[in-house]
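Q: My structure is in final_4.cif, and what it holds is mmCIF, C-alpha atoms:
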```cif
data_coords
#
loop_
_atom_site.label_atom_id
_atom_site.label_comp_id
_atom_site.auth_asym_id
_atom_site.auth_seq_id
_atom_site.Cartn_x
_atom_site.Cartn_y
_atom_site.Cartn_z
CA MET A 1 12.69 -15.32 19.82
CA VAL A 2 12.78 -15.95 16.08
CA PRO A 3 14.53 -19.26 15.34
CA PRO A 4 17.71 -19.02 13.26
CA HIS A 5 17.58 -19.79 9.56
CA ASP A 6 18.92 -23.21 8.71
CA PRO A 7 21.34 -22.93 5.74
CA ASP A 8 21.04 -26.66 5.11
CA GLY A 9 17.25 -26.35 5.01
CA ILE A 10 17.42 -23.59 2.41
CA ALA A 11 19.94 -25.55 0.36
CA GLN A 12 17.72 -28.64 0.50
CA ALA A 13 14.69 -26.61 -0.56
CA LEU A 14 16.52 -25.21 -3.58
CA ALA A 15 17.89 -28.62 -4.54
CA ASP A 16 14.54 -30.42 -4.38
CA PRO A 17 12.29 -29.69 -7.40
CA SER A 18 9.09 -30.03 -5.40
CA ARG A 19 10.20 -27.70 -2.62
CA ARG A 20 11.62 -25.26 -5.14
CA SER A 21 8.27 -25.14 -6.92
CA ILE A 22 6.62 -24.36 -3.57
CA LEU A 23 9.06 -21.52 -2.94
CA GLU A 24 8.48 -20.17 -6.46
CA ALA A 25 4.74 -20.09 -5.79
CA LEU A 26 5.25 -18.37 -2.43
CA ARG A 27 7.44 -15.76 -4.08
CA LEU A 28 4.19 -14.29 -5.47
CA GLY A 29 2.77 -13.83 -1.96
CA ARG A 30 1.10 -15.86 0.76
CA LYS A 31 -0.77 -18.94 -0.37
CA SER A 32 -3.06 -21.54 1.18
CA VAL A 33 -2.40 -25.27 0.86
CA THR A 34 -5.15 -25.50 -1.76
CA GLU A 35 -3.60 -22.71 -3.82
CA LEU A 36 -0.16 -24.28 -3.54
CA CYS A 37 -1.52 -27.64 -4.74
CA GLU A 38 -3.00 -25.93 -7.81
CA LEU A 39 0.18 -23.99 -8.57
CA THR A 40 2.68 -26.80 -8.03
CA GLY A 41 0.69 -29.86 -9.08
CA LEU A 42 1.69 -31.63 -5.85
CA LYS A 43 -0.73 -33.83 -3.93
CA GLN A 44 -1.89 -32.42 -0.61
CA PRO A 45 -0.17 -35.00 1.69
CA ASN A 46 3.14 -34.60 -0.16
CA LEU A 47 2.83 -30.81 -0.15
CA SER A 48 2.02 -30.70 3.56
CA ASN A 49 5.04 -32.88 4.33
CA HIS A 50 7.37 -30.51 2.46
CA LEU A 51 5.80 -27.48 4.13
CA ALA A 52 6.18 -28.99 7.60
CA LYS A 53 9.88 -29.66 7.06
CA MET A 54 10.57 -26.22 5.58
CA ARG A 55 8.61 -24.62 8.39
CA ALA A 56 10.73 -26.45 10.98
CA GLN A 57 13.86 -25.17 9.21
CA ASN A 58 12.46 -21.62 9.23
CA VAL A 59 12.39 -21.47 5.43
CA VAL A 60 8.63 -20.77 5.28
CA ARG A 61 6.25 -19.24 7.80
CA ALA A 62 2.64 -20.31 8.55
CA GLU A 63 -0.19 -18.14 9.86
CA ARG A 64 -3.82 -18.98 10.42
CA ALA A 65 -6.66 -16.85 9.05
CA GLY A 66 -10.03 -18.26 10.03
CA ARG A 67 -10.21 -21.93 9.07
CA PHE A 68 -7.28 -21.74 6.67
CA MET A 69 -3.51 -21.85 7.09
CA TYR A 70 -1.47 -19.57 4.84
CA TYR A 71 2.24 -19.81 4.05
CA THR A 72 4.82 -17.18 3.11
CA LEU A 73 8.56 -17.08 2.55
CA GLU A 74 10.40 -16.72 5.86
CA ALA A 75 14.08 -16.49 4.90
CA PRO A 76 14.65 -12.84 3.89
CA PHE A 77 17.12 -13.82 1.17
CA ALA A 78 15.05 -16.69 -0.28
CA GLU A 79 13.89 -14.48 -3.18
CA VAL A 80 17.44 -13.69 -4.27
CA LEU A 81 18.50 -17.34 -3.91
CA LEU A 82 15.57 -18.42 -6.08
CA ARG A 83 16.61 -15.97 -8.79
CA MET A 84 20.23 -17.13 -8.64
CA HIS A 85 19.18 -20.75 -8.80
CA ALA A 86 16.90 -20.13 -11.79
CA VAL A 87 19.73 -18.48 -13.69
CA ALA A 88 22.30 -21.11 -12.72
CA THR A 89 20.11 -24.04 -13.73
CA LEU A 90 18.71 -22.56 -16.97
CA GLY A 91 15.11 -22.21 -16.04
CA ALA A 92 14.77 -24.53 -13.04
CA ARG A 93 11.88 -26.95 -13.53
CA PHE A 94 9.83 -25.02 -16.09
CA ARG A 95 10.16 -24.43 -19.82
CA LEU A 96 8.28 -22.50 -22.50
CA THR A 97 6.54 -24.20 -25.38
CA ASP A 98 6.31 -22.71 -28.85
CA ASP A 99 2.59 -21.99 -28.42
CA GLY A 100 3.19 -19.89 -25.30
CA GLY A 101 2.52 -22.56 -22.68
CA ILE A 102 4.67 -23.42 -19.65
CA VAL A 103 5.28 -27.04 -18.70
CA ASP A 104 7.60 -29.12 -16.54
CA GLY A 105 10.93 -29.97 -18.12
CA PRO A 106 14.25 -28.43 -19.13
CA VAL A 107 14.43 -25.07 -20.86
CA ARG A 108 13.82 -25.11 -24.61
CA SER A 109 17.29 -25.39 -26.09
CA GLY A 110 16.68 -23.26 -29.19
CA ILE A 111 15.96 -19.98 -27.36
CA THR A 112 18.18 -17.07 -28.42
CA HIS A 113 18.32 -13.36 -27.80
CA ASN A 114 16.55 -12.90 -31.15
CA ASP A 115 13.33 -14.38 -29.74
CA THR A 116 12.26 -11.21 -27.92
CA ALA A 117 9.33 -10.48 -30.25
CA GLN A 118 7.85 -13.89 -29.41
CA LEU A 119 8.51 -13.38 -25.72
CA ALA A 120 6.84 -9.94 -25.81
CA SER A 121 3.81 -11.51 -27.49
CA GLN A 122 3.66 -14.25 -24.84
CA LEU A 123 3.98 -11.69 -22.06
CA LEU A 124 1.13 -9.66 -23.59
CA GLY A 125 -1.08 -12.74 -23.58
CA TYR A 126 -0.34 -13.48 -19.93
CA LEU A 127 -0.91 -9.83 -18.94
CA LEU A 128 -4.28 -9.76 -20.70
CA LYS A 129 -5.28 -12.77 -18.59
CA SER A 130 -3.77 -11.24 -15.40
CA ASP A 131 -1.71 -14.46 -15.17
CA GLU A 132 1.14 -13.37 -12.92
CA VAL A 133 2.38 -16.91 -12.36
CA SER A 134 3.05 -17.42 -16.08
CA CYS A 135 4.60 -13.94 -16.27
CA SER A 136 6.96 -14.97 -13.48
CA PHE A 137 8.01 -18.16 -15.22
CA LEU A 138 8.53 -16.23 -18.45
CA LEU A 139 10.86 -13.88 -16.63
CA ASN A 140 12.73 -16.85 -15.12
CA HIS A 141 13.22 -18.11 -18.64
CA MET A 142 14.73 -14.81 -19.80
CA LEU A 143 17.03 -14.58 -16.79
CA ALA A 144 18.11 -18.17 -17.35
CA ALA A 145 18.98 -17.29 -20.94
CA ASN A 146 21.15 -14.44 -19.57
CA PHE A 147 19.03 -11.60 -20.93
CA GLY A 148 20.27 -8.26 -19.61
CA MET A 149 18.07 -5.57 -18.10
CA ALA A 150 18.05 -3.37 -21.21
CA LYS A 151 16.97 -6.26 -23.45
CA ILE A 152 14.20 -7.38 -21.08
CA TYR A 153 12.90 -3.86 -20.54
CA LEU A 154 13.29 -2.51 -24.08
CA GLU A 155 12.44 -5.55 -26.20
CA VAL A 156 9.95 -7.47 -24.03
CA PHE A 157 8.35 -5.35 -21.30
CA GLN A 158 8.04 -2.12 -23.27
CA PRO A 159 6.39 -3.61 -26.41
CA ALA A 160 3.92 -5.59 -24.27
CA LEU A 161 2.93 -2.50 -22.28
CA ARG A 162 2.61 -0.41 -25.43
CA SER A 163 0.26 -3.03 -26.85
CA ILE A 164 -1.80 -2.87 -23.65
CA GLY A 165 -1.94 0.92 -24.04
CA ASP A 166 -3.04 0.64 -27.66
CA LEU A 167 -5.78 -1.81 -26.70
CA TYR A 168 -6.93 0.55 -23.96
CA GLU A 169 -7.09 3.51 -26.36
CA ARG A 170 -9.21 1.41 -28.74
CA GLY A 171 -11.53 0.44 -25.89
CA GLU A 172 -10.61 -3.26 -26.09
CA VAL A 173 -9.37 -3.42 -22.47
CA ASP A 174 -10.55 -1.29 -19.56
CA GLU A 175 -8.55 0.84 -17.16
CA ALA A 176 -8.58 -1.80 -14.43
CA HIS A 177 -6.89 -4.35 -16.71
CA GLU A 178 -4.33 -1.74 -17.77
CA HIS A 179 -3.51 -1.04 -14.12
CA VAL A 180 -3.20 -4.75 -13.29
CA ALA A 181 -0.81 -5.26 -16.22
CA SER A 182 1.34 -2.31 -15.13
CA ALA A 183 1.46 -3.56 -11.54
CA ILE A 184 2.55 -7.05 -12.65
CA VAL A 185 5.31 -5.60 -14.83
CA GLU A 186 6.51 -3.36 -11.99
CA ARG A 187 6.87 -6.39 -9.72
CA MET A 188 8.78 -8.20 -12.46
CA MET A 189 11.04 -5.16 -12.83
CA ALA A 190 11.83 -5.30 -9.10
CA ARG A 191 13.08 -8.86 -9.60
CA VAL A 192 15.22 -7.86 -12.59
CA ALA A 193 16.73 -5.02 -10.57
CA GLU A 194 17.73 -7.49 -7.84
CA ILE A 195 19.68 -9.54 -10.36
CA CYS A 196 21.21 -6.70 -12.39
CA LEU A 197 23.17 -5.03 -9.61
CA PRO A 198 25.77 -2.36 -10.46
CA THR A 199 29.32 -3.59 -10.97
CA THR A 200 30.90 -0.13 -11.10
CA GLU A 201 30.26 3.27 -9.52
CA GLN A 202 29.82 6.18 -11.91
CA ASN A 203 29.93 9.01 -9.35
CA CYS A 204 26.78 10.35 -11.03
CA HIS A 205 23.44 11.19 -9.45
CA ALA A 206 19.99 11.38 -11.06
CA VAL A 207 16.58 12.46 -9.77
CA LEU A 208 13.64 10.95 -11.65
CA GLY A 209 9.91 11.53 -11.34
CA CYS A 210 6.61 12.17 -13.09
CA VAL A 211 5.21 15.64 -13.63
CA ALA A 212 2.22 16.52 -11.45
CA GLY A 213 -0.85 14.72 -12.78
CA ASN A 214 1.08 11.89 -14.43
CA LEU A 215 0.17 8.61 -12.74
CA HIS A 216 2.07 6.39 -15.20
CA SER A 217 5.48 5.70 -13.67
CA VAL A 218 6.50 2.35 -15.20
CA GLY A 219 8.49 3.86 -18.07
CA ILE A 220 10.51 6.22 -15.91
CA ARG A 221 11.01 3.44 -13.37
CA MET A 222 12.74 1.51 -16.18
CA LEU A 223 15.10 4.44 -16.67
CA ALA A 224 15.77 4.60 -12.91
CA ASP A 225 16.56 0.88 -12.77
CA TRP A 226 18.86 1.12 -15.79
CA LEU A 227 20.79 4.05 -14.29
CA HIS A 228 21.16 2.19 -10.98
CA SER A 229 22.46 -0.91 -12.76
CA ASP A 230 24.95 1.34 -14.56
CA GLY A 231 26.38 2.55 -11.25
CA TRP A 232 24.45 5.79 -10.76
CA LYS A 233 23.07 7.04 -7.48
CA VAL A 234 19.33 7.21 -8.14
CA THR A 235 16.57 9.16 -6.38
CA PHE A 236 13.26 7.94 -7.81
CA VAL A 237 10.25 9.94 -6.64
CA GLY A 238 7.58 8.12 -8.63
CA ALA A 239 4.25 9.33 -10.00
CA ASP A 240 2.37 12.64 -9.72
CA VAL A 241 5.07 14.73 -8.03
CA PRO A 242 3.89 18.24 -7.03
CA THR A 243 5.92 20.84 -8.91
CA ALA A 244 7.17 22.77 -5.88
CA SER A 245 8.23 19.55 -4.16
CA PHE A 246 10.01 18.32 -7.30
CA VAL A 247 11.99 21.56 -7.62
CA GLY A 248 12.76 21.60 -3.90
CA LEU A 249 14.11 18.06 -4.02
CA VAL A 250 16.37 18.87 -6.97
CA ALA A 251 17.68 21.93 -5.12
CA LEU A 252 18.47 19.77 -2.11
CA GLU A 253 19.95 16.77 -3.95
CA ALA A 254 22.01 18.75 -6.50
CA PRO A 255 22.02 15.92 -9.08
CA ASP A 256 23.79 15.64 -12.42
CA LEU A 257 20.59 14.70 -14.25
CA VAL A 258 16.87 15.32 -13.74
CA VAL A 259 14.45 13.07 -15.64
CA VAL A 260 10.79 14.06 -16.01
CA SER A 261 7.98 11.93 -17.45
CA ILE A 262 4.80 13.31 -19.03
CA SER A 263 1.93 11.14 -20.29
CA LEU A 264 -0.84 13.49 -21.47
CA GLU A 265 -1.16 16.85 -23.23
CA ASN A 266 -3.10 18.32 -20.32
CA GLN A 267 0.06 18.02 -18.19
CA LEU A 268 1.96 20.52 -20.37
CA GLU A 269 1.11 23.46 -18.09
CA GLU A 270 2.56 21.67 -15.05
CA LEU A 271 5.58 20.63 -17.10
CA GLY A 272 6.14 24.27 -18.06
CA SER A 273 6.06 25.31 -14.40
CA LEU A 274 8.47 22.53 -13.49
CA LEU A 275 10.89 23.47 -16.27
CA ARG A 276 10.85 27.11 -15.17
CA GLY A 277 11.72 26.07 -11.64
CA LEU A 278 14.53 23.78 -12.82
CA ARG A 279 15.90 26.49 -15.12
CA ILE A 280 16.08 28.92 -12.21
CA LEU A 281 18.16 26.40 -10.25
CA ARG A 282 20.45 25.95 -13.24
CA ASP A 283 20.81 29.71 -13.74
CA GLU A 284 21.65 30.09 -10.04
CA GLY A 285 24.61 27.77 -10.40
CA GLN A 286 23.49 24.14 -10.20
CA PHE A 287 24.98 21.89 -12.87
CA PHE A 288 22.52 19.34 -14.22
CA LYS A 289 20.78 18.43 -17.43
CA THR A 290 17.07 17.76 -17.78
CA ALA A 291 15.70 14.81 -19.75
CA LEU A 292 12.06 14.72 -20.85
CA GLY A 293 10.15 11.65 -21.98
CA GLY A 294 7.04 9.57 -21.57
CA HIS A 295 3.99 8.48 -23.53
CA PHE A 296 3.21 12.04 -24.68
CA LYS A 297 5.69 13.47 -27.19
CA VAL A 298 6.61 16.92 -25.90
CA ALA A 299 9.14 18.04 -28.52
CA PRO A 300 6.68 19.92 -30.79
CA PHE A 301 5.30 21.90 -27.83
CA LEU A 302 8.47 23.11 -26.11
CA GLU A 303 11.46 25.23 -26.96
CA LEU A 304 14.28 23.40 -25.19
CA ARG A 305 17.47 24.92 -23.87
CA HIS A 306 20.95 23.53 -24.44
CA ASP A 307 20.83 21.81 -21.04
CA GLU A 308 17.60 19.90 -21.85
CA PHE A 309 16.89 16.97 -24.14
CA VAL A 310 14.04 14.62 -25.09
CA ALA A 311 14.48 10.83 -24.99
CA GLY A 312 12.10 8.65 -26.99
CA ASP A 313 12.85 5.36 -25.23
CA LEU A 314 15.41 3.60 -23.04
CA ASP A 315 17.78 3.08 -25.95
CA ASP A 316 17.72 6.76 -26.91
CA PHE A 317 18.03 7.76 -23.25
CA SER A 318 21.11 5.58 -22.69
CA GLU A 319 22.86 7.13 -25.70
CA GLN A 320 22.19 10.63 -24.40
CA VAL A 321 23.32 9.76 -20.87
CA GLU A 322 26.64 8.40 -22.09
CA LYS A 323 27.51 11.91 -23.29
CA LEU A 324 27.15 13.47 -19.84
CA SER A 325 30.13 14.52 -17.72
CA CYS A 326 28.91 14.22 -14.16
CA GLY A 327 29.77 16.99 -11.73
CA LYS A 328 31.52 19.08 -14.36
CA GLY A 329 28.73 21.18 -15.83
CA ASP A 330 28.71 21.80 -19.57
#
```
Would you mind writing the file's structure down as structure tokens?
A:
Amino acid sequence: MVPPHDPDGIAQALADPSRRSILEALRLGRKSVTELCELTGLKQPNLSNHLAKMRAQNVVRAERAGRFMYYTLEAPFAEVLLRMHAVATLGARFRLTDDGGIVDGPVRSGITHNDTAQLASQLLGYLLKSDEVSCSFLLNHMLAANFGMAKIYLEVFQPALRSIGDLYERGEVDEAHEHVASAIVERMMARVAEICLPTTEQNCHAVLGCVAGNLHSVGIRMLADWLHSDGWKVTFVGADVPTASFVGLVALEAPDLVVVSISLENQLEELGSLLRGLRILRDEGQFFKTALGGHFKVAPFLELRHDEFVAGDLDDFSEQVEKLSCGKGD
């Protein structure tokens, strides 16, 4: 039988800076005692004492692998509580320095919503070093400063990822580093989505996915998260969706909006097939609009119908979506 979670134990862990730093480190995945010492700066005897108490309270879980003991978060809601605590206490125990470092202490008081260019530059630096811990603390800082999803995605995440893409095209970073950066940002996006929950229900439904052959799903995932936070029902099908399956899903779901991402010119043929399938559904009586976007700019290559539009970025997309009348057709 799994022991019950101790609410007092979780509260004590969040209130104690040392235990909170342990939980923050474990939020990134299972860690050994040695790794936790490096991440938290705690001495091994002190760290082990905290771990033993939190283990007894069923806040963390321990498992042995060979000669080493590894720890993970046990309480299923610990992640959400950590995010709430970081926001409520303006950055918890970490703060940013002007040169991009992260140190113990209260959040830097001068931070404003106009600092996103600096934050994007800092995020780029951490991504280039595959430093997910610093990326996490940077995100805590933005959440503590009450940055909304659109600002984080559009003004921090998107510029950093575009810079990574530019570096890749110039041969200054390889494909592996590009993939690592994208994966880190996707995990950060999942945390933002947990905080930015919808407050209203729009009675609108969207299906979003990448055209067959497109493996780059971060951008369209941002659109899916934004729609969900705005109260939409969202069906996100991810990268490289076979054309027949994509059309079949839209026929089944009968959404108000279909969003398609394309990243390379060689995907135009698949996009054409997908659009033909979606147009047949529309002509047969389904009421939805189709939005096209992604790294590759499709506008010069396609003749769009009145029920289709191209969105350059999240800002442009949100403006177009606000014009839609869900469930009512044109």
Q: Can you tell me how far CA of Ala181 in chain A sits from CA of Leu127 in chain A, in Å to one decimal?
A: 5.3 Å
Q: Which neighbours of Gln320 in chain A fall inside 10 Å, counting all atoms listed in the file, when residues of the same chain fewer than 6 positions from it are skipped, and could you give them as a list in words?
A: Ala291, Phe309, Val310, Ala311 and Leu314 of chain A
Q: To verify the selection step, state as a PyMOL selection string which residues the PyMOL selection byres ((chain A and resi 285-288) around 9) yields on this input.
A: chain A and resi 206+251+254-258+280-284+289-290+307+326-330
Q: Report as a list in words the full result of the PyMOL selection byres ((chain A and resi 229) around 12) when it is applied to this structure.
A: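 After applying the PyMOL selection byres ((chain A and resi 229) around 12), what remains is Gly148, Met149, Ala150, Val192, Ala193, Glu194, Ile195, Cys196, Leu197, Pro198, Thr199, Thr200, Glu201, Gln202, Met222, Leu223, Ala224, Asp225, Trp226, Leu227, His228, Asp230, Gly231, Trp232, Lys233, Val234 and Ser318 of chain A.
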Q: Nearest residue to Phe157 in chain A out of A:Ala144, A:Met189, A:Ala183, A:Leu39, using all atoms listed in the file?
A: A:Met189
Q: When you count only C-alpha atoms, which of these residues is closest to Val33 in chain A: A:Gln12, A:Ser261, A:Asn140, A:Asn46?
A: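 Using only C-alpha atoms, Val33 in chain A sits closest to A:Asn46.
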Q: With 7 Å as the threshold, what does the neighbourhood of (2.8, 16.0, -24.5) contain in terms of residues, counting only C-alpha atoms? Coordinates are those of the file; answer as a list in words.
A: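 The requested residues, written out, are Ile262, Ser263, Leu264, Glu265, Leu268, Phe296, Lys297 and Val298 of chain A.
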Q: Would you give the centre and edge lengths, in Å to one decimal, of a box along x, y and z around the listed atoms of range 21-31 of chain A, with 5 Å added to each side, as JSON?
A:
```
{"center_x": 4.1, "center_y": -19.5, "center_z": -3.1, "size_x": 19.8, "size_y": 21.3, "size_z": 17.7}
```
Q: Counting only C-alpha atoms, which residue out of A:Arg27, A:His179, A:Arg279, A:Arg64 sits closest to His216 in chain A?
A: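 That would be A:His179, the residue with the smallest distance to His216 in chain A.
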Q: For range 147-175 of chain A, supply N, CA and C atoms and format the output as a CSV table (one decimal), in the coordinates of the input.
A:
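part10.csv written:
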```
chain,number,residue,atom,x,y,z
A,147,PHE,N,19.5,-12.9,-20.4
A,147,PHE,CA,19.0,-11.6,-20.9
A,147,PHE,C,19.4,-10.5,-20.0
A,148,GLY,N,20.0,-9.4,-20.4
A,148,GLY,CA,20.3,-8.3,-19.6
A,148,GLY,C,19.0,-7.4,-19.4
A,149,MET,N,19.2,-6.4,-18.5
A,149,MET,CA,18.1,-5.6,-18.1
A,149,MET,C,17.6,-4.8,-19.3
A,150,ALA,N,18.5,-4.2,-20.1
A,150,ALA,CA,18.0,-3.4,-21.2
A,150,ALA,C,17.3,-4.2,-22.2
A,151,LYS,N,17.7,-5.4,-22.5
A,151,LYS,CA,17.0,-6.3,-23.4
A,151,LYS,C,15.6,-6.6,-22.9
A,152,ILE,N,15.5,-7.0,-21.7
A,152,ILE,CA,14.2,-7.4,-21.1
A,152,ILE,C,13.2,-6.2,-21.1
A,153,TYR,N,13.8,-5.0,-20.6
A,153,TYR,CA,12.9,-3.9,-20.5
A,153,TYR,C,12.5,-3.3,-21.9
A,154,LEU,N,13.5,-3.2,-22.8
A,154,LEU,CA,13.3,-2.5,-24.1
A,154,LEU,C,12.6,-3.4,-25.1
A,155,GLU,N,12.9,-4.7,-25.1
A,155,GLU,CA,12.4,-5.6,-26.2
A,155,GLU,C,11.3,-6.5,-25.8
A,156,VAL,N,11.0,-6.6,-24.5
A,156,VAL,CA,10.0,-7.5,-24.0
A,156,VAL,C,8.9,-6.7,-23.2
A,157,PHE,N,9.3,-6.1,-22.1
A,157,PHE,CA,8.4,-5.4,-21.3
A,157,PHE,C,7.7,-4.2,-22.0
A,158,GLN,N,8.6,-3.3,-22.6
A,158,GLN,CA,8.0,-2.1,-23.3
A,158,GLN,C,7.1,-2.4,-24.4
A,159,PRO,N,7.4,-3.3,-25.3
A,159,PRO,CA,6.4,-3.6,-26.4
A,159,PRO,C,5.1,-4.2,-25.9
A,160,ALA,N,5.1,-5.0,-24.8
A,160,ALA,CA,3.9,-5.6,-24.3
A,160,ALA,C,3.1,-4.5,-23.6
A,161,LEU,N,3.7,-3.6,-22.9
A,161,LEU,CA,2.9,-2.5,-22.3
A,161,LEU,C,2.4,-1.5,-23.3
A,162,ARG,N,3.1,-1.3,-24.4
A,162,ARG,CA,2.6,-0.4,-25.4
A,162,ARG,C,1.4,-1.0,-26.1
A,163,SER,N,1.4,-2.3,-26.3
A,163,SER,CA,0.3,-3.0,-26.8
A,163,SER,C,-0.9,-2.9,-25.9
A,164,ILE,N,-0.7,-3.0,-24.6
A,164,ILE,CA,-1.8,-2.9,-23.6
A,164,ILE,C,-2.4,-1.5,-23.8
A,165,GLY,N,-1.5,-0.5,-23.9
A,165,GLY,CA,-1.9,0.9,-24.0
A,165,GLY,C,-2.7,1.1,-25.3
A,166,ASP,N,-2.3,0.5,-26.4
A,166,ASP,CA,-3.0,0.6,-27.7
A,166,ASP,C,-4.4,0.0,-27.5
A,167,LEU,N,-4.5,-1.1,-26.9
A,167,LEU,CA,-5.8,-1.8,-26.7
A,167,LEU,C,-6.7,-1.0,-25.8
A,168,TYR,N,-6.1,-0.3,-24.8
A,168,TYR,CA,-6.9,0.6,-24.0
A,168,TYR,C,-7.5,1.7,-24.7
A,169,GLU,N,-6.6,2.4,-25.6
A,169,GLU,CA,-7.1,3.5,-26.4
A,169,GLU,C,-8.2,3.1,-27.4
A,170,ARG,N,-8.2,1.9,-27.8
A,170,ARG,CA,-9.2,1.4,-28.7
A,170,ARG,C,-10.4,0.9,-28.0
A,171,GLY,N,-10.4,0.9,-26.7
A,171,GLY,CA,-11.5,0.4,-25.9
A,171,GLY,C,-11.6,-1.1,-25.8
A,172,GLU,N,-10.6,-1.8,-26.1
A,172,GLU,CA,-10.6,-3.3,-26.1
A,172,GLU,C,-10.2,-3.8,-24.7
A,173,VAL,N,-9.6,-3.1,-23.9
A,173,VAL,CA,-9.4,-3.4,-22.5
A,173,VAL,C,-9.7,-2.2,-21.6
A,174,ASP,N,-10.2,-2.4,-20.4
A,174,ASP,CA,-10.6,-1.3,-19.6
A,174,ASP,C,-9.4,-0.8,-18.7
A,175,GLU,N,-9.6,0.2,-18.0
A,175,GLU,CA,-8.6,0.8,-17.2
A,175,GLU,C,-8.1,-0.1,-16.1
```
